[in-house]
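Dumped protein_13.cif below, it's mmCIF, C-alpha atoms:
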```cif
data_coords
loop_
_atom_site.label_atom_id
_atom_site.label_comp_id
_atom_site.auth_asym_id
_atom_site.auth_seq_id
_atom_site.Cartn_x
_atom_site.Cartn_y
_atom_site.Cartn_z
CA MET A 13 -15.79 -24.69 -13.44
CA GLY A 14 -12.94 -23.53 -11.18
CA LYS A 15 -10.61 -24.07 -14.12
CA SER A 16 -12.71 -22.10 -16.62
CA THR A 17 -13.06 -19.19 -14.17
CA LYS A 18 -9.27 -19.09 -13.91
CA THR A 19 -8.71 -18.99 -17.67
CA GLN A 20 -11.09 -16.00 -17.90
CA THR A 21 -9.48 -14.09 -15.04
CA ILE A 22 -5.97 -13.81 -16.41
CA PRO A 23 -6.65 -11.78 -19.57
CA VAL A 24 -8.98 -9.36 -17.73
CA LYS A 25 -6.36 -8.78 -15.04
CA THR A 26 -3.74 -8.28 -17.73
CA ARG A 27 -5.98 -5.75 -19.50
CA ILE A 28 -6.65 -3.84 -16.24
CA LEU A 29 -2.93 -3.73 -15.48
CA SER A 30 -1.95 -2.65 -19.01
CA GLU A 31 -4.60 0.10 -18.94
CA ASN A 32 -3.26 1.12 -15.53
CA ASP A 33 0.31 1.13 -16.88
CA ARG A 34 -0.77 3.42 -19.73
CA LEU A 35 -2.30 5.92 -17.28
CA ALA A 36 0.68 5.59 -14.93
CA ALA A 37 3.04 6.45 -17.80
CA GLU A 38 0.93 9.55 -18.53
CA ASN A 39 1.05 10.53 -14.85
CA ARG A 40 4.84 10.00 -14.74
CA ALA A 41 5.48 12.05 -17.88
CA TRP A 42 3.40 14.87 -16.44
CA PHE A 43 5.17 14.73 -13.04
CA VAL A 44 8.59 14.83 -14.74
CA LYS A 45 7.54 17.80 -16.89
CA GLN A 46 6.39 19.65 -13.76
CA GLY A 47 9.54 18.70 -11.84
CA ILE A 48 7.51 17.03 -9.09
CA PHE A 49 9.16 14.18 -7.21
CA VAL A 50 6.50 11.57 -6.39
CA VAL A 51 6.86 8.97 -3.63
CA ASN A 52 4.43 6.06 -3.19
CA LEU A 53 4.42 5.01 0.49
CA ILE A 54 3.29 1.44 1.12
CA SER A 55 3.01 -0.63 4.31
CA SER A 56 0.80 -2.80 6.48
CA PRO A 57 -2.04 -1.01 8.24
CA GLY A 58 -0.71 0.78 11.30
CA SER A 59 2.99 0.82 10.41
CA GLY A 60 3.11 4.57 10.88
CA LYS A 61 2.85 6.03 7.37
CA THR A 62 0.68 8.99 8.37
CA THR A 63 2.70 9.78 11.51
CA LEU A 64 5.96 9.72 9.52
CA LEU A 65 4.32 11.94 6.87
CA VAL A 66 3.11 14.49 9.42
CA ASP A 67 6.60 14.77 10.92
CA THR A 68 8.15 14.91 7.43
CA LEU A 69 5.83 17.70 6.28
CA ASN A 70 6.41 19.73 9.44
CA ALA A 71 10.18 19.40 8.94
CA LEU A 72 9.98 20.39 5.24
CA LYS A 73 7.81 23.48 5.91
CA GLY A 74 9.36 26.56 4.25
CA LYS A 75 11.92 24.34 2.43
CA GLN A 76 9.94 22.22 -0.02
CA HIS A 77 6.47 22.65 -1.47
CA CYS A 78 4.68 19.40 -0.73
CA ALA A 79 1.25 17.87 -1.24
CA VAL A 80 -0.29 14.56 -0.21
CA ILE A 81 -2.77 12.07 -1.66
CA GLU A 82 -4.20 9.82 1.05
CA GLY A 83 -5.59 6.39 0.17
CA ASP A 84 -7.90 4.53 2.55
CA GLN A 85 -10.70 2.03 2.23
CA GLN A 86 -12.87 4.36 4.34
CA THR A 87 -12.71 7.61 6.39
CA SER A 88 -10.82 10.87 5.94
CA LEU A 89 -9.05 10.52 9.29
CA ASP A 90 -5.58 10.57 7.70
CA ALA A 91 -6.33 13.53 5.41
CA ASN A 92 -7.53 15.48 8.45
CA ARG A 93 -4.22 14.79 10.22
CA ILE A 94 -2.24 15.86 7.14
CA ALA A 95 -4.36 19.01 6.67
CA GLU A 96 -3.20 20.24 10.09
CA THR A 97 0.33 20.61 8.68
CA GLY A 98 -1.02 23.27 6.28
CA PHE A 99 0.00 21.38 3.12
CA PRO A 100 -2.65 20.54 0.49
CA VAL A 101 -4.14 17.05 0.72
CA ARG A 102 -6.75 14.96 -1.10
CA GLN A 103 -8.33 11.85 0.42
CA VAL A 104 -9.21 8.98 -1.93
CA ASN A 105 -11.60 6.42 -0.45
CA THR A 106 -11.26 3.15 -2.34
CA GLY A 107 -14.41 1.53 -0.90
CA ARG A 108 -13.95 -2.23 -1.17
CA ALA A 109 -10.79 -1.87 -3.30
CA CYS A 110 -7.45 -2.76 -1.76
CA HIS A 111 -5.09 -0.33 -3.52
CA LEU A 112 -4.82 3.00 -5.30
CA ASP A 113 -4.57 2.93 -9.10
CA ALA A 114 -3.23 5.38 -11.68
CA SER A 115 -6.66 6.78 -12.59
CA MET A 116 -7.38 7.64 -8.94
CA ILE A 117 -4.06 9.53 -8.81
CA LYS A 118 -4.82 11.34 -12.07
CA ASN A 119 -8.18 12.50 -10.67
CA ALA A 120 -6.76 13.48 -7.27
CA VAL A 121 -3.91 15.45 -8.85
CA SER A 122 -6.38 17.41 -10.99
CA GLU A 123 -8.05 18.60 -7.75
CA LEU A 124 -4.78 19.58 -6.02
CA ALA A 125 -2.97 22.90 -6.38
CA VAL A 126 0.27 21.55 -7.87
CA THR A 127 1.85 24.69 -9.37
CA GLY A 128 5.42 24.92 -8.10
CA LEU A 129 5.15 21.65 -6.22
CA ASP A 130 8.43 19.91 -5.24
CA ILE A 131 7.31 16.65 -3.66
CA LEU A 132 4.02 14.74 -3.89
CA PHE A 133 3.58 12.02 -1.28
CA ILE A 134 1.08 9.27 -2.01
CA GLU A 135 0.08 7.28 1.05
CA ASN A 136 -1.31 4.04 -0.34
CA VAL A 137 -3.98 1.86 1.29
CA GLY A 138 -2.52 -0.14 4.19
CA ASN A 139 -1.70 -3.43 2.48
CA LEU A 140 1.63 -5.12 1.63
CA ILE A 141 0.30 -7.06 -1.37
CA CYS A 142 -2.09 -5.42 -3.85
CA PRO A 143 -0.56 -1.89 -3.96
CA ALA A 144 2.69 -3.48 -5.21
CA GLU A 145 0.95 -4.51 -8.46
CA PHE A 146 -0.27 -1.03 -9.46
CA ASP A 147 2.13 1.56 -10.87
CA LEU A 148 0.77 5.02 -10.07
CA GLY A 149 3.33 6.98 -12.11
CA GLU A 150 5.47 7.62 -9.01
CA HIS A 151 9.26 7.96 -9.19
CA CYS A 152 9.76 5.44 -6.45
CA LYS A 153 8.04 3.21 -3.98
CA VAL A 154 9.04 3.27 -0.31
CA VAL A 155 7.94 0.45 1.98
CA LEU A 156 7.56 1.00 5.72
CA MET A 157 8.09 -1.87 8.12
CA SER A 158 7.29 -1.45 11.79
CA VAL A 159 9.57 -3.37 14.15
CA THR A 160 6.43 -4.64 15.91
CA GLU A 161 5.57 -6.66 12.78
CA GLY A 162 8.49 -9.07 13.18
CA GLU A 163 11.60 -9.69 11.11
CA ASP A 164 10.07 -11.98 8.47
CA LYS A 165 7.90 -9.59 6.44
CA PRO A 166 10.38 -9.08 3.53
CA LEU A 167 10.42 -12.86 2.96
CA LYS A 168 6.64 -13.24 3.25
CA TYR A 169 5.76 -10.22 1.07
CA PRO A 170 8.72 -10.19 -1.35
CA VAL A 171 7.11 -8.31 -4.25
CA ILE A 172 6.79 -4.96 -2.50
CA PHE A 173 10.20 -5.24 -0.80
CA HIS A 174 11.77 -6.06 -4.17
CA LEU A 175 10.17 -3.04 -5.89
CA SER A 176 10.95 -0.43 -3.22
CA ARG A 177 13.88 1.95 -3.46
CA ALA A 178 13.97 2.42 0.31
CA VAL A 179 12.79 0.47 3.34
CA VAL A 180 11.89 2.64 6.33
CA MET A 181 11.97 0.70 9.58
CA THR A 182 9.57 2.46 11.96
CA LYS A 183 8.90 2.44 15.74
CA MET A 184 12.57 1.64 16.49
CA ASP A 185 12.03 3.02 20.02
CA LEU A 186 9.93 -0.07 20.84
CA ILE A 187 12.78 -2.57 20.26
CA PRO A 188 13.74 -2.82 23.99
CA HIS A 189 10.20 -4.06 24.68
CA LEU A 190 10.09 -6.65 21.87
CA ARG A 191 11.61 -10.00 20.99
CA TYR A 192 13.01 -8.52 17.79
CA ASP A 193 16.37 -8.81 16.05
CA PRO A 194 16.98 -5.76 13.80
CA LEU A 195 20.01 -7.42 12.17
CA LEU A 196 17.89 -10.40 11.12
CA ALA A 197 15.29 -7.99 9.71
CA GLU A 198 17.97 -6.22 7.66
CA LYS A 199 19.38 -9.53 6.48
CA ASN A 200 15.90 -10.50 5.28
CA ILE A 201 15.51 -7.17 3.43
CA ARG A 202 18.92 -7.70 1.76
CA LYS A 203 17.90 -11.21 0.61
CA ILE A 204 15.01 -9.70 -1.37
CA ASN A 205 16.51 -6.34 -2.32
CA PRO A 206 20.29 -5.90 -1.95
CA GLN A 207 20.17 -2.32 -3.31
CA ALA A 208 17.46 -0.88 -1.08
CA VAL A 209 18.39 1.98 1.23
CA ILE A 210 17.43 1.00 4.78
CA LEU A 211 16.42 3.82 7.12
CA ARG A 212 15.84 3.27 10.84
CA THR A 213 13.34 5.71 12.31
CA SER A 214 11.25 6.52 15.34
CA THR A 215 8.71 9.32 15.27
CA TYR A 216 8.55 9.05 19.08
CA THR A 217 12.25 9.99 19.57
CA SER A 218 12.75 11.57 16.09
CA ASP A 219 15.76 9.27 15.60
CA GLY A 220 16.50 8.74 11.91
CA LEU A 221 14.11 11.47 10.74
CA GLN A 222 16.97 13.64 9.42
CA ASP A 223 18.40 10.71 7.41
CA TRP A 224 14.97 10.17 5.85
CA LEU A 225 14.62 13.89 5.01
CA ASP A 226 18.14 13.98 3.51
CA TRP A 227 17.34 10.91 1.41
CA LEU A 228 14.12 12.49 0.12
CA VAL A 229 15.77 15.78 -0.81
CA THR A 230 18.68 13.98 -2.53
CA GLN A 231 16.22 11.89 -4.56
CA LYS A 232 14.33 15.05 -5.51
CA SER A 233 17.57 16.77 -6.60
CA HIS A 234 18.33 13.88 -8.98
CA LEU A 235 15.14 14.39 -11.00
CA PRO A 236 14.37 13.30 -13.73
CA LEU A 237 15.08 9.80 -12.45
CA MET B 5 -11.26 2.86 -22.17
CA GLY B 6 -11.16 3.08 -18.36
CA LYS B 7 -14.93 2.81 -18.40
CA SER B 8 -15.08 -0.25 -20.67
CA THR B 9 -12.45 -2.04 -18.55
CA LYS B 10 -14.67 -1.41 -15.53
CA THR B 11 -17.81 -2.85 -17.15
CA GLN B 12 -15.89 -6.03 -17.98
CA THR B 13 -14.42 -6.41 -14.51
CA ILE B 14 -17.62 -6.52 -12.52
CA PRO B 15 -19.25 -9.67 -13.99
CA VAL B 16 -15.97 -11.61 -13.80
CA LYS B 17 -15.50 -10.64 -10.15
CA THR B 18 -19.12 -11.57 -9.48
CA ARG B 19 -18.58 -14.95 -11.17
CA ILE B 20 -15.38 -15.62 -9.21
CA LEU B 21 -17.15 -14.75 -5.95
CA SER B 22 -20.25 -16.85 -6.72
CA GLU B 23 -18.05 -19.81 -7.70
CA ASN B 24 -16.13 -19.24 -4.47
CA ASP B 25 -19.41 -19.10 -2.51
CA ARG B 26 -20.49 -22.42 -4.02
CA LEU B 27 -17.24 -24.11 -2.96
CA ALA B 28 -17.37 -22.42 0.46
CA ALA B 29 -20.89 -23.81 1.00
CA GLU B 30 -19.59 -27.30 0.12
CA ASN B 31 -16.70 -26.86 2.56
CA ARG B 32 -19.07 -25.64 5.30
CA ALA B 33 -21.51 -28.54 4.82
CA TRP B 34 -18.61 -30.98 5.05
CA PHE B 35 -17.16 -29.32 8.17
CA VAL B 36 -20.58 -29.41 9.88
CA LYS B 37 -21.02 -33.09 8.99
CA GLN B 38 -17.60 -33.88 10.46
CA GLY B 39 -18.29 -31.75 13.57
CA ILE B 40 -15.21 -29.61 12.92
CA PHE B 41 -15.31 -26.02 14.17
CA VAL B 42 -13.49 -23.81 11.66
CA VAL B 43 -12.06 -20.37 12.51
CA ASN B 44 -10.72 -17.98 9.85
CA LEU B 45 -8.09 -15.69 11.46
CA ILE B 46 -7.55 -12.39 9.65
CA SER B 47 -5.32 -9.40 10.44
CA SER B 48 -2.65 -7.03 9.16
CA PRO B 49 0.78 -8.54 8.58
CA GLY B 50 2.58 -8.88 11.91
CA SER B 51 -0.40 -8.56 14.25
CA GLY B 52 0.53 -11.82 15.93
CA LYS B 53 -1.72 -14.46 14.35
CA THR B 54 0.93 -17.20 14.31
CA THR B 55 2.19 -16.45 17.82
CA LEU B 56 -1.37 -16.53 19.20
CA LEU B 57 -1.98 -19.78 17.30
CA VAL B 58 1.17 -21.44 18.67
CA ASP B 59 0.17 -20.54 22.26
CA THR B 60 -3.43 -21.64 21.58
CA LEU B 61 -2.35 -25.02 20.21
CA ASN B 62 0.05 -25.65 23.09
CA ALA B 63 -2.76 -24.87 25.56
CA LEU B 64 -5.26 -27.13 23.75
CA LYS B 65 -2.87 -30.11 23.58
CA GLY B 66 -4.56 -33.23 24.96
CA LYS B 67 -7.91 -31.42 25.12
CA GLN B 68 -8.93 -30.67 21.53
CA HIS B 69 -7.80 -32.21 18.25
CA CYS B 70 -6.67 -29.29 16.13
CA ALA B 71 -5.16 -28.67 12.70
CA VAL B 72 -4.01 -25.53 10.91
CA ILE B 73 -4.00 -24.21 7.35
CA GLU B 74 -1.44 -21.43 6.93
CA GLY B 75 -1.85 -18.85 4.17
CA ASP B 76 1.07 -16.69 3.04
CA GLN B 77 2.13 -15.02 -0.17
CA GLN B 78 5.51 -16.79 0.17
CA THR B 79 7.54 -19.00 2.58
CA SER B 80 6.60 -21.83 4.92
CA LEU B 81 7.97 -19.98 7.97
CA ASP B 82 4.61 -19.99 9.75
CA ALA B 83 3.85 -23.65 8.99
CA ASN B 84 7.26 -24.57 10.44
CA ARG B 85 6.43 -22.72 13.67
CA ILE B 86 3.03 -24.45 13.88
CA ALA B 87 4.55 -27.88 13.14
CA GLU B 88 6.65 -27.58 16.31
CA THR B 89 3.43 -27.82 18.36
CA GLY B 90 2.91 -31.34 16.99
CA PHE B 91 -0.46 -30.55 15.37
CA PRO B 92 -0.95 -31.19 11.63
CA VAL B 93 -0.47 -28.16 9.38
CA ARG B 94 -0.59 -27.37 5.66
CA GLN B 95 1.01 -24.25 4.17
CA VAL B 96 -0.73 -22.62 1.21
CA ASN B 97 1.44 -20.14 -0.73
CA THR B 98 -0.79 -17.77 -2.66
CA GLY B 99 1.99 -16.34 -4.86
CA ARG B 100 0.84 -12.88 -5.99
CA ALA B 101 -2.68 -13.44 -4.62
CA CYS B 102 -3.75 -11.48 -1.56
CA HIS B 103 -6.14 -13.91 0.14
CA LEU B 104 -7.08 -17.55 0.58
CA ASP B 105 -10.12 -18.81 -1.31
CA ALA B 106 -12.49 -21.75 -0.82
CA SER B 107 -10.80 -23.97 -3.42
CA MET B 108 -7.41 -23.58 -1.67
CA ILE B 109 -9.06 -24.67 1.58
CA LYS B 110 -10.75 -27.64 -0.11
CA ASN B 111 -7.38 -28.81 -1.48
CA ALA B 112 -5.52 -28.24 1.78
CA VAL B 113 -8.16 -30.10 3.80
CA SER B 114 -7.90 -33.10 1.45
CA GLU B 115 -4.19 -33.31 2.39
CA LEU B 116 -4.74 -33.01 6.15
CA ALA B 117 -5.56 -35.88 8.53
CA VAL B 118 -8.94 -34.60 9.69
CA THR B 119 -10.53 -37.71 11.20
CA GLY B 120 -11.77 -36.86 14.69
CA LEU B 121 -10.74 -33.23 14.34
CA ASP B 122 -12.35 -30.71 16.72
CA ILE B 123 -11.02 -27.35 15.55
CA LEU B 124 -9.47 -26.26 12.25
CA PHE B 125 -7.69 -22.91 12.36
CA ILE B 126 -7.17 -21.10 9.08
CA GLU B 127 -4.56 -18.34 9.27
CA ASN B 128 -5.32 -16.11 6.31
CA VAL B 129 -2.79 -14.00 4.39
CA GLY B 130 -1.86 -10.87 6.36
CA ASN B 131 -4.25 -8.33 4.87
CA LEU B 132 -7.27 -6.49 6.33
CA ILE B 133 -9.06 -6.01 3.00
CA CYS B 134 -9.15 -8.82 0.43
CA PRO B 135 -9.58 -11.84 2.78
CA ALA B 136 -12.83 -10.26 4.00
CA GLU B 137 -14.39 -10.79 0.55
CA PHE B 138 -13.78 -14.56 0.32
CA ASP B 139 -15.90 -17.00 2.30
CA LEU B 140 -13.83 -20.15 2.97
CA GLY B 141 -16.64 -22.21 4.50
CA GLU B 142 -15.52 -21.30 8.03
CA HIS B 143 -17.96 -21.02 10.93
CA CYS B 144 -16.64 -17.62 11.91
CA LYS B 145 -14.08 -14.99 11.14
CA VAL B 146 -11.91 -13.57 13.93
CA VAL B 147 -9.98 -10.36 13.32
CA LEU B 148 -6.80 -9.59 15.26
CA MET B 149 -5.80 -6.00 15.93
CA SER B 150 -2.44 -5.23 17.46
CA VAL B 151 -2.41 -2.23 19.78
CA THR B 152 0.68 -0.97 17.89
CA GLU B 153 -1.53 -0.40 14.81
CA GLY B 154 -3.47 2.46 16.42
CA GLU B 155 -7.10 2.85 17.43
CA ASP B 156 -8.55 3.73 14.01
CA LYS B 157 -8.31 0.43 12.12
CA PRO B 158 -11.98 -0.63 12.61
CA LEU B 159 -13.11 2.63 10.98
CA LYS B 160 -10.60 2.43 8.12
CA TYR B 161 -11.18 -1.29 7.35
CA PRO B 162 -14.85 -1.65 8.30
CA VAL B 163 -15.73 -4.70 6.17
CA ILE B 164 -13.62 -7.22 8.08
CA PHE B 165 -14.50 -5.74 11.48
CA HIS B 166 -18.20 -5.90 10.57
CA LEU B 167 -17.98 -9.57 9.49
CA SER B 168 -15.96 -10.88 12.46
CA ARG B 169 -17.57 -12.63 15.40
CA ALA B 170 -14.68 -11.70 17.70
CA VAL B 171 -11.97 -9.05 17.75
CA VAL B 172 -8.75 -10.13 19.46
CA MET B 173 -6.67 -7.16 20.61
CA THR B 174 -3.05 -8.35 20.69
CA LYS B 175 0.25 -7.09 22.22
CA MET B 176 -1.63 -5.45 25.13
CA ASP B 177 1.65 -5.56 27.13
CA LEU B 178 3.03 -2.78 24.88
CA ILE B 179 0.37 -0.20 25.83
CA PRO B 180 2.57 1.51 28.49
CA HIS B 181 5.09 2.28 25.72
CA LEU B 182 2.56 3.65 23.20
CA ARG B 183 0.36 6.67 22.68
CA TYR B 184 -2.71 4.41 22.53
CA ASP B 185 -6.18 4.65 24.05
CA PRO B 186 -7.73 1.15 24.38
CA LEU B 187 -11.16 2.62 25.20
CA LEU B 188 -11.16 4.61 21.97
CA ALA B 189 -10.16 1.44 20.08
CA GLU B 190 -13.09 -0.45 21.64
CA LYS B 191 -15.47 2.44 20.88
CA ASN B 192 -14.37 2.26 17.23
CA ILE B 193 -14.93 -1.52 17.14
CA ARG B 194 -18.44 -1.01 18.62
CA LYS B 195 -19.30 1.60 15.97
CA ILE B 196 -18.70 -1.00 13.23
CA ASN B 197 -19.79 -4.16 15.07
CA PRO B 198 -21.78 -3.76 18.30
CA GLN B 199 -22.14 -7.56 18.73
CA ALA B 200 -18.48 -8.56 18.41
CA VAL B 201 -16.81 -10.20 21.39
CA ILE B 202 -13.69 -8.20 22.25
CA LEU B 203 -10.79 -10.13 23.76
CA ARG B 204 -7.68 -8.40 25.15
CA THR B 205 -4.57 -10.54 24.90
CA SER B 206 -0.81 -10.57 25.24
CA THR B 207 1.21 -13.61 24.27
CA TYR B 208 4.15 -12.02 26.12
CA THR B 209 2.39 -12.07 29.52
CA SER B 210 -0.29 -14.67 28.59
CA ASP B 211 -2.95 -12.21 29.78
CA GLY B 212 -6.30 -12.92 28.17
CA LEU B 213 -5.23 -16.25 26.68
CA GLN B 214 -7.63 -18.21 28.91
CA ASP B 215 -10.57 -15.99 27.87
CA TRP B 216 -9.71 -16.66 24.21
CA LEU B 217 -9.49 -20.43 24.83
CA ASP B 218 -12.80 -20.42 26.72
CA TRP B 219 -14.45 -18.49 23.88
CA LEU B 220 -13.14 -20.97 21.29
CA VAL B 221 -14.30 -24.03 23.22
CA THR B 222 -17.73 -22.46 23.84
CA GLN B 223 -18.12 -21.71 20.14
CA LYS B 224 -17.10 -25.28 19.32
CA SER B 225 -19.65 -26.67 21.80
CA HIS B 226 -22.44 -24.73 20.06
CA LEU B 227 -21.90 -26.48 16.72
CA PRO B 228 -23.69 -26.60 14.28
CA LEU B 229 -23.78 -22.80 14.27
#
```

Just give me the structure of the file as structure tokens.
Amino acid sequence: MGKSTKTQTIPVKTRILSENDRLAAENRAWFVKQGIFVVNLISSPGSGKTTLLVDTLNALKGKQHCAVIEGDQQTSLDANRIAETGFPVRQVNTGRACHLDASMIKNAVSELAVTGLDILFIENVGNLICPAEFDLGEHCKVVLMSVTEGEDKPLKYPVIFHLSRAVVMTKMDLIPHLRYDPLLAEKNIRKINPQAVILRTSTYTSDGLQDWLDWLVTQKSHLPL
Amino acid sequence: MGKSTKTQTIPVKTRILSENDRLAAENRAWFVKQGIFVVNLISSPGSGKTTLLVDTLNALKGKQHCAVIEGDQQTSLDANRIAETGFPVRQVNTGRACHLDASMIKNAVSELAVTGLDILFIENVGNLICPAEFDLGEHCKVVLMSVTEGEDKPLKYPVIFHLSRAVVMTKMDLIPHLRYDPLLAEKNIRKINPQAVILRTSTYTSDGLQDWLDWLVTQKSHLPL
């Protein structure tokens, strides 16, 4: 019975993913046409995606027109934090689902004021596994990795580290209080993704924030990608 | 098309879960018969499950016969760390899957020396969402929540916090270096699960470790649960 369940699962998953890919391609074509650079932020729960986003939006105020789609299993806590920056935001609650998909993004975008938008940030559900499987139509994925999570995460969750254009190391200010080797962490990232840009940040000290902003604006200026 | 994909997905998921529930019930009946207390440890990646387990096993040496099943998407890094304690361990690599299921546990148990075992620890894949959906046949789930992840996780990932018998707050030693309110975190846990035992721990200072050990041994002594 276990075996027959397995043989039924694969084609359904394939069909869901191919339907998602079709919608993601539609999203991407539309984003390119509008000149909107779209970043899909992925990390473990509590790695600091929302805090980095709030600081990013405050720094980009008056320079780039931004908007945010917030994914969470429950609550609109993150959307409320983003709304305080003054930029438009839509919260998507996924219920029991573990990731955003392309149709959720399509619906959320239709509710956002996107005319003249430069950058759309998508904060995915906190999860290093499932969000990696679902293309949303973004231009790139960025994975965040808090130093409190240890050095081994790229090896243990290779799919998302392999697919990401940049790895943002967060909470760097905590290193003096941890048994943590940042060089080992970077070596592990390089094993999985030699091309990834690695950015070291702390929203507590603001270290590395300018590098992250410069990277974003450079990526945006290279559209279509 | 999106709609028709959805109507096909639900019965397959239901069938997978009911098949999983059947195997989990078999596992549970077998564990009860053998007098083995089984704990399913769930958390975000990097919350400190393996470190807590290593300290737990070292403290239980000569007192309880333990074994461990380690779940990870990739690598046997965690199983290697556990093996150093001298207790038997089996690593399960889930590949692209985001959780352990009951059949994986059944297979892993068949490879472990379980005669005379007191406690079996299952360290699930680092993920606050999907592992909550899959009963493994354990006697209880325990969710870990690192203080570096912020106070809001119980509200954002309510399913696993609702299902867990205990919540282990980890890395308490880092609180002086964080903007973190432990009372707000506990209030959020209570909103989702008023009955949960809350344990405050630090593997760095060993604070709270004895409370956790006492809780485990008490739970074990109350078998069958």

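Shell of Lys153 in chain A at 7 Å, with all atoms listed in the file counted and residues fewer than 4 places along the chain excluded, is Val51, Asn52, Leu53, Leu175, Ser176 and Arg177 of chain A.
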
- With a distance threshold of 7 Å and counting only C-alpha atoms, extract the residues of chain B near chain A and express them as a ChimeraX atom specification. /B:9,13,20,48-51,76-79,102,131,133-134,152-154,159-161

- Query: the PyMOL selection byres ((chain B and resi 226) around 12) on the file shown: which residues, as a list in words?
  - Reply: Val36, Gly39, Ile40, Phe41, His143, Trp219, Leu220, Val221, Thr222, Gln223, Lys224, Ser225, Leu227, Pro228 and Leu229 of chain B

Emit as lines of an AutoDock Vina configuration file the padded axis-aligned box for all listed atoms of range 183-187 of chain B, 8 Å per side, with centre and edge lengths in Å to one decimal.
```
center_x = -5.4
center_y = 3.9
center_z = 23.9
size_x = 27.5
size_y = 21.5
size_z = 18.7
```

- Task: Would you kindly return, as a list in words, each protein, DNA or RNA residue with an atom no farther than 10 Å from any atom of Ile201 in chain A, considering only C-alpha atoms and excluding same-chain residues fewer than 2 positions away?
- Result: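 Near neighbours after the sequence-gap exclusion: Glu163, Asp164, Lys165, Pro166, Leu167, Pro170, Phe173, His174, Val179, Leu195, Leu196, Ala197, Glu198, Lys199, Lys203, Ile204, Asn205, Pro206, Gln207, Ala208, Val209 and Ile210 of chain A.
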
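Shortest atom-to-atom contact with Val58 in chain B among B:Glu88, B:Asp122, B:Glu74, B:Asp211: B:Glu88, counting all atoms listed in the file.
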
- Item | Atomic distance CA of Cys152 in chain A - CA of Ala95 in chain A, expressed in Å with one decimal |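 So the two atoms, CA of Cys152 in chain A and CA of Ala95 in chain A, lie 23.6 Å apart.
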
- Message: Report, in Å to a single decimal, how far apart CA of Ile46 in chain B and CA of Pro135 in chain B are.
- Response: 7.2 Å

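Look at Val50 in chain A: the protein and nucleic acid residues within 6 Å of it, using only C-alpha atoms and passing over chain neighbours fewer than 6 places away, are Ile131, Leu132, Phe133, Glu150 and His151 of chain A.
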
C-alpha atoms of the current selection, written as a compact mmCIF listing (two decimals), in the frame of the given file:
```txt
# COMPACT_ATOMS: atom_id res chain seq x y z
CA ILE A 131 7.31 16.65 -3.66
CA LEU A 132 4.02 14.74 -3.89
CA PHE A 133 3.58 12.02 -1.28
CA GLU A 150 5.47 7.62 -9.01
CA HIS A 151 9.26 7.96 -9.19
```

- Query: What gap, in Å, lies between CA of Phe138 in chain B and CA of Thr60 in chain B?
  - Reply: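 Pair CA of Phe138 in chain B / CA of Thr60 in chain B returns 24.7 Å.
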
- Task: Convert the output of the PyMOL selection byres ((chain B and resi 205) around 8) on the shown file into explicit residues, formatted as a list in words.
- Result: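 Taken on the displayed file, the PyMOL selection byres ((chain B and resi 205) around 8) yields the residues Val172, Met173, Thr174, Lys175, Met176, Leu203, Arg204, Ser206, Thr207, Ser210, Asp211, Gly212 and Leu213 of chain B.
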
- Task: Would you translate the PyMOL selection byres ((chain B and resi 96) around 8) into the concrete set of residues it matches in this file, as a list of chain:residue names?
- Result: B:Ile73, B:Glu74, B:Gly75, B:Asp76, B:Arg94, B:Gln95, B:Asn97, B:Thr98, B:Met108, B:Ala112
